[in-house]
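Everything below concerns the one structure shown next.
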Amino acid sequence: MSRAKFFLFIAFVLAAALFVAAAPGCSSNSSHQAGVEKPISVSAPSQPVPSATPLPKLPPPSEAEVKAAFHRIFGEDLIAQTDGGHILFIVGDFNGDQSEDIAILARPATGKLDDINSEFANWIIQDADKAFIPNSSKAVVKPPKPETPTIAKNEEVLAIIHGFGASGWHNPDARQTYLVKHAAAPFLGIAPSLSQKAIRAMHLPHETDIIKQVRNNRKGFLFWTGSLYAWHPEQG
Amino acid sequence: MTRRKLPLLLCITAVAVAFAIVAIAQTATQAPAAFATPLDNAGNGAVGNGFTPAATFVADTVAFSNEEDIPQGIGPTFNARGCVDCHMQPNIGGTSQVTELRVGHTDASGNFVNPNISINDGANSINNRSLVNDRSVCDKAAERVPGTETVIALRSSLGVLGDGFVEAIDSNTLVAIANNQPGQSGGQIAGQFIQVPVAEANGAVRGGRFGWKNQQASLLSFASDAYINEMGITNRFAPTDFTTVCKTTADPEDETGADGLNDIDRFARFMRATQAPPRDTALAATSDAVTGANLFNQIGCNICHVTSITTAPAGTVINGGAFTVPAALGNKIIHPYSDFLLHDVGTGDGIVQNGGQATANKMRTAPLWGLRTRDRLMHDLLTFTRNNAILNHGGEATGVINNYRNLSTTQKNQLITFLQTL
């Protein structure tokens, strides 16, 4: 074999060997990354979860703490409503996550409606009279037509700040907020959601605190459906 | 050049070409992406990702679109007559406005318990099943939610386009993503990886990745599960209906074709052969979308909505030994915008499936590919704007969403413009 032919032969053999090594699917060793998916030594967590332990109840808030939380969320966009100089608010675990929330009566500040109703506002505006609750007595559940509620000039709303962690709504990270239309009414107190027959019948996924109110001279309560706040008149 | 040096040069060139071939073969490439399964009963226009020949993909698209009836085994309880009924937006295999209903209750220890649902005026019941079918082949088989069930949830249908690539992700890749999340988020975010049985592998387990609770790990298992649960058609992995009330067919109802394949094999093959949902490239090229994409990553959305994942190399044996990743699906870069892990972002539905009680209030990170085709959002489809969907995230996502809240209106607009490119 001439020297030139020898070099060509070697080159051909090397190229062929590399090509075979690179071709995927040619053999079980077709790629040095392929093989069998390695087993993972974790098991599906099947252990029972103990009932959620309620976080320690927080002491009654001061007016200054409420003001600070309100300003942290709404800045100058909304004004907290007062009675005799005191902010109208109520606290409880309204969304059932074991972290204390706060609901404050409020209205839009002058000239701030565009900010409040902005598509990109940091709060969710919703109507307590139009919250959708799946009807468990019906087999076919049809969600409502989408709508985007807005806050009107001077309209009173209920501003609800969801708590986060042990310090609840005091926590600087607690910024999930709802502006609830048709829920700005005097507070009568809070109660466990399951104390209401109507709520028991709804079979909601969470046990919460409801806000008892008087709206248009009628007693009722505001409750968390799992995704929104809804108003329900008291029966009887 | 001397004649003596020519052989040496040829030798070096041949070796270099061979090395280049090796490098190309081992370099991950972008997965094909297109909405290429238009709604057409004959499968016209259907173009797959190369996993199957073109004619096979068209035939499988037709099978996926087929509407079943009672003689073919539909029911006795069911939600839809064909896969396409729930997987169609904007193409066959996509999403839809359809939700399914799941219910149950908790015991004294707070554990989720599946319901027993009475039918046929109390003469029969469907036991230990959280899914409540909305339809039945006769009035006697119709289900109703008992008053004892205090956990009720709506779940939207999920898209299956590109799911062949998702199946081809090595479970260890998902574990690695989960392990990185606490460090990326100051300890706030920790995705949960669960392993679930693979029906076609005699119960061998694998990392779950399909369904809102990651309750399935393979597309064949998923096809079998959907066929029995959503359409009431028994098959070789689910050979018994949930009730015999008004049942007129023999099990298993899944048809076997002349090629020896069942419908569930064709459905799995269809899903494996679909292209990934594509980006809106024109919108993605705008400066607002580019800035929005950067913001998406900067504020931490990408910790869970992972932007890129590479599938396992071709030749990797997955699904408990039941499937080998083919060249069409292996070593492909996909952009699902999901980590395929379970998280508690405050939107949990309380339902437990394959993951154990710890997953009751966790949901799989919704893949955002194809998001621009959706009008109703979140797992229950009860959120209608992009902004509200973002603000609905709490729990593990609180820090990231607070970063979003700190953006200016212009920046939020840019981020949502980016989302509209997905």
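All residue names refer to the structure tokens as shown: chains lettered A, B, ... in order, residues numbered from 1 in each chain, ligands numbered from 1 in order.
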
Please provide the set of residues having any atom within 7 Å of Ser308 in chain B, restricted to only C-alpha atoms, with same-chain residues fewer than 5 positions apart removed, written as a list in words.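 That gives Ile333, Ile334, His335 and Pro336 of chain B.
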
Residues near Arg102 in chain B, anyone? I mean within 6 Å using only C-alpha atoms, not counting same-chain ones fewer than 2 positions away, as a list in words.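 Final neighbour list, sorted by chain and number: Ser130, Leu131, Val132, Ile152 and Ala153 of chain B.
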
Which residue is closest to Leu222 in chain A? Choose from A:Val66, A:Ile79, A:Ile151, A:Ala183 and count only C-alpha atoms. A:Ala183

Excluding Thr373 in chain B and residues on its chain fewer than 3 positions from it, collect all residues at most 8 Å away from it, counting only C-alpha atoms, and give them as a PyMOL selection string. chain B and resi 89-90+370

I need the residues in range 74-242 of chain B that are strand (DSSP E) according to DSSP; give them as an MDAnalysis selection string. chainID B and resid 77:78 99:106 112:113 116:119 124:127 131:132 135:136 151:156 195:197 205:207

Selected residues, N, CA and C atoms, written as a tab-separated table (two decimals), in the first residue's frame, please.
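Saved result, out.tsv, follows:
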chain	number	residue	atom	x	y	z
B	77	THR	N	-71.35	7.22	31.98
B	77	THR	CA	-71.20	8.64	32.30
B	77	THR	C	-69.99	9.14	31.53
B	78	PHE	N	-70.06	10.38	31.11
B	78	PHE	CA	-68.97	10.93	30.30
B	78	PHE	C	-69.05	12.45	30.28
B	99	THR	N	-64.70	23.00	31.21
B	99	THR	CA	-64.18	22.62	32.52
B	99	THR	C	-64.80	21.30	32.94
B	100	GLU	N	-64.07	20.59	33.78
B	100	GLU	CA	-64.64	19.39	34.39
B	100	GLU	C	-64.86	19.66	35.87
B	101	LEU	N	-65.72	18.86	36.48
B	101	LEU	CA	-66.12	19.07	37.87
B	101	LEU	C	-65.52	17.97	38.75
B	102	ARG	N	-64.82	18.39	39.80
B	102	ARG	CA	-64.30	17.43	40.77
B	102	ARG	C	-64.78	17.82	42.17
B	103	VAL	N	-65.14	16.83	42.96
B	103	VAL	CA	-65.65	17.09	44.30
B	103	VAL	C	-65.08	16.07	45.29
B	104	GLY	N	-65.28	16.36	46.54
B	104	GLY	CA	-64.89	15.45	47.62
B	104	GLY	C	-65.11	16.14	48.95
B	105	HIS	N	-64.57	15.59	50.00
B	105	HIS	CA	-64.70	16.20	51.32
B	105	HIS	C	-63.45	15.88	52.13
B	106	THR	N	-63.33	16.51	53.28
B	106	THR	CA	-62.20	16.23	54.14
B	106	THR	C	-62.67	15.48	55.38
B	112	PHE	N	-58.18	14.86	52.35
B	112	PHE	CA	-59.18	14.82	51.29
B	112	PHE	C	-59.68	13.39	51.09
B	113	VAL	N	-60.98	13.25	50.93
B	113	VAL	CA	-61.59	11.93	50.71
B	113	VAL	C	-62.47	12.00	49.46
B	116	ASN	N	-68.58	9.14	47.33
B	116	ASN	CA	-69.41	8.08	46.75
B	116	ASN	C	-70.67	8.76	46.25
B	117	ILE	N	-70.94	8.63	44.97
B	117	ILE	CA	-72.04	9.38	44.37
B	117	ILE	C	-73.16	8.43	43.98
B	118	SER	N	-74.31	8.70	44.56
B	118	SER	CA	-75.48	7.86	44.32
B	118	SER	C	-76.11	8.21	42.97
B	119	ILE	N	-76.47	7.18	42.20
B	119	ILE	CA	-77.18	7.38	40.93
B	119	ILE	C	-78.38	6.44	40.88
B	124	ASN	N	-77.83	2.54	42.78
B	124	ASN	CA	-76.42	2.28	42.46
B	124	ASN	C	-75.59	3.48	42.91
B	125	SER	N	-74.29	3.28	42.93
B	125	SER	CA	-73.43	4.43	43.25
B	125	SER	C	-72.11	4.30	42.52
B	126	ILE	N	-71.49	5.44	42.33
B	126	ILE	CA	-70.14	5.49	41.77
B	126	ILE	C	-69.22	5.88	42.91
B	127	ASN	N	-68.32	4.99	43.27
B	127	ASN	CA	-67.59	5.16	44.52
B	127	ASN	C	-66.14	5.59	44.31
B	131	LEU	N	-63.94	12.84	40.17
B	131	LEU	CA	-64.50	13.40	38.94
B	131	LEU	C	-65.99	13.11	38.87
B	132	VAL	N	-66.76	14.15	38.61
B	132	VAL	CA	-68.20	14.00	38.40
B	132	VAL	C	-68.48	14.29	36.93
B	135	ARG	N	-72.29	14.38	31.83
B	135	ARG	CA	-73.23	13.79	30.88
B	135	ARG	C	-73.38	12.30	31.16
B	136	SER	N	-74.49	11.76	30.66
B	136	SER	CA	-74.72	10.32	30.78
B	136	SER	C	-75.56	9.86	29.60
B	151	VAL	N	-65.82	19.93	49.16
B	151	VAL	CA	-64.74	20.45	48.31
B	151	VAL	C	-65.20	20.33	46.86
B	152	ILE	N	-65.33	21.45	46.18
B	152	ILE	CA	-65.83	21.44	44.80
B	152	ILE	C	-64.91	22.28	43.94
B	153	ALA	N	-64.52	21.75	42.81
B	153	ALA	CA	-63.55	22.46	41.97
B	153	ALA	C	-63.88	22.29	40.50
B	154	LEU	N	-63.64	23.36	39.75
B	154	LEU	CA	-63.71	23.30	38.30
B	154	LEU	C	-62.29	23.24	37.76
B	155	ARG	N	-62.08	22.45	36.74
B	155	ARG	CA	-60.75	22.31	36.12
B	155	ARG	C	-60.86	22.45	34.62
B	156	SER	N	-60.05	23.30	34.05
B	156	SER	CA	-60.11	23.48	32.61
B	156	SER	C	-59.38	22.36	31.88
B	195	GLN	N	-43.91	11.26	41.77
B	195	GLN	CA	-43.82	10.15	40.84
B	195	GLN	C	-45.15	9.39	40.85
B	196	VAL	N	-45.59	9.03	39.66
B	196	VAL	CA	-46.89	8.39	39.52
B	196	VAL	C	-46.75	7.14	38.67
B	197	PRO	N	-47.68	6.22	38.79
B	197	PRO	CA	-47.56	4.96	38.03
B	197	PRO	C	-47.69	5.18	36.52
B	205	VAL	N	-43.00	3.66	38.36
B	205	VAL	CA	-43.32	5.07	38.54
B	205	VAL	C	-42.35	5.95	37.77
B	206	ARG	N	-42.83	7.16	37.49
B	206	ARG	CA	-42.03	8.14	36.76
B	206	ARG	C	-42.52	9.52	37.18
B	207	GLY	N	-41.73	10.54	36.94
B	207	GLY	CA	-42.10	11.90	37.30
B	207	GLY	C	-43.36	12.35	36.59

With only C-alpha atoms as the basis for distance, which of B:Leu368, B:Ala293, B:Ala46, B:Met363 is at the shortest distance from Gly395 in chain B?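 Checking each candidate against Gly395 in chain B, we get B:Met363 as the closest.
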
Go through B:Thr61, B:Asn111, B:Thr410, B:Gln72 one by one, measure the shortest atom-to-atom distance of each to Asn44 in chain B using only C-alpha atoms, and give the residue with the smallest value. B:Thr61

Counting only C-alpha atoms, closest pick from A:Asn122, A:Thr82, A:Asn95, A:Asn117 relative to Ile401 in chain B is A:Asn122

So what do you get for CA of Phe267 in chain B versus CA of Asn91 in chain B, distance-wise?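 Pair CA of Phe267 in chain B / CA of Asn91 in chain B returns 15.3 Å.
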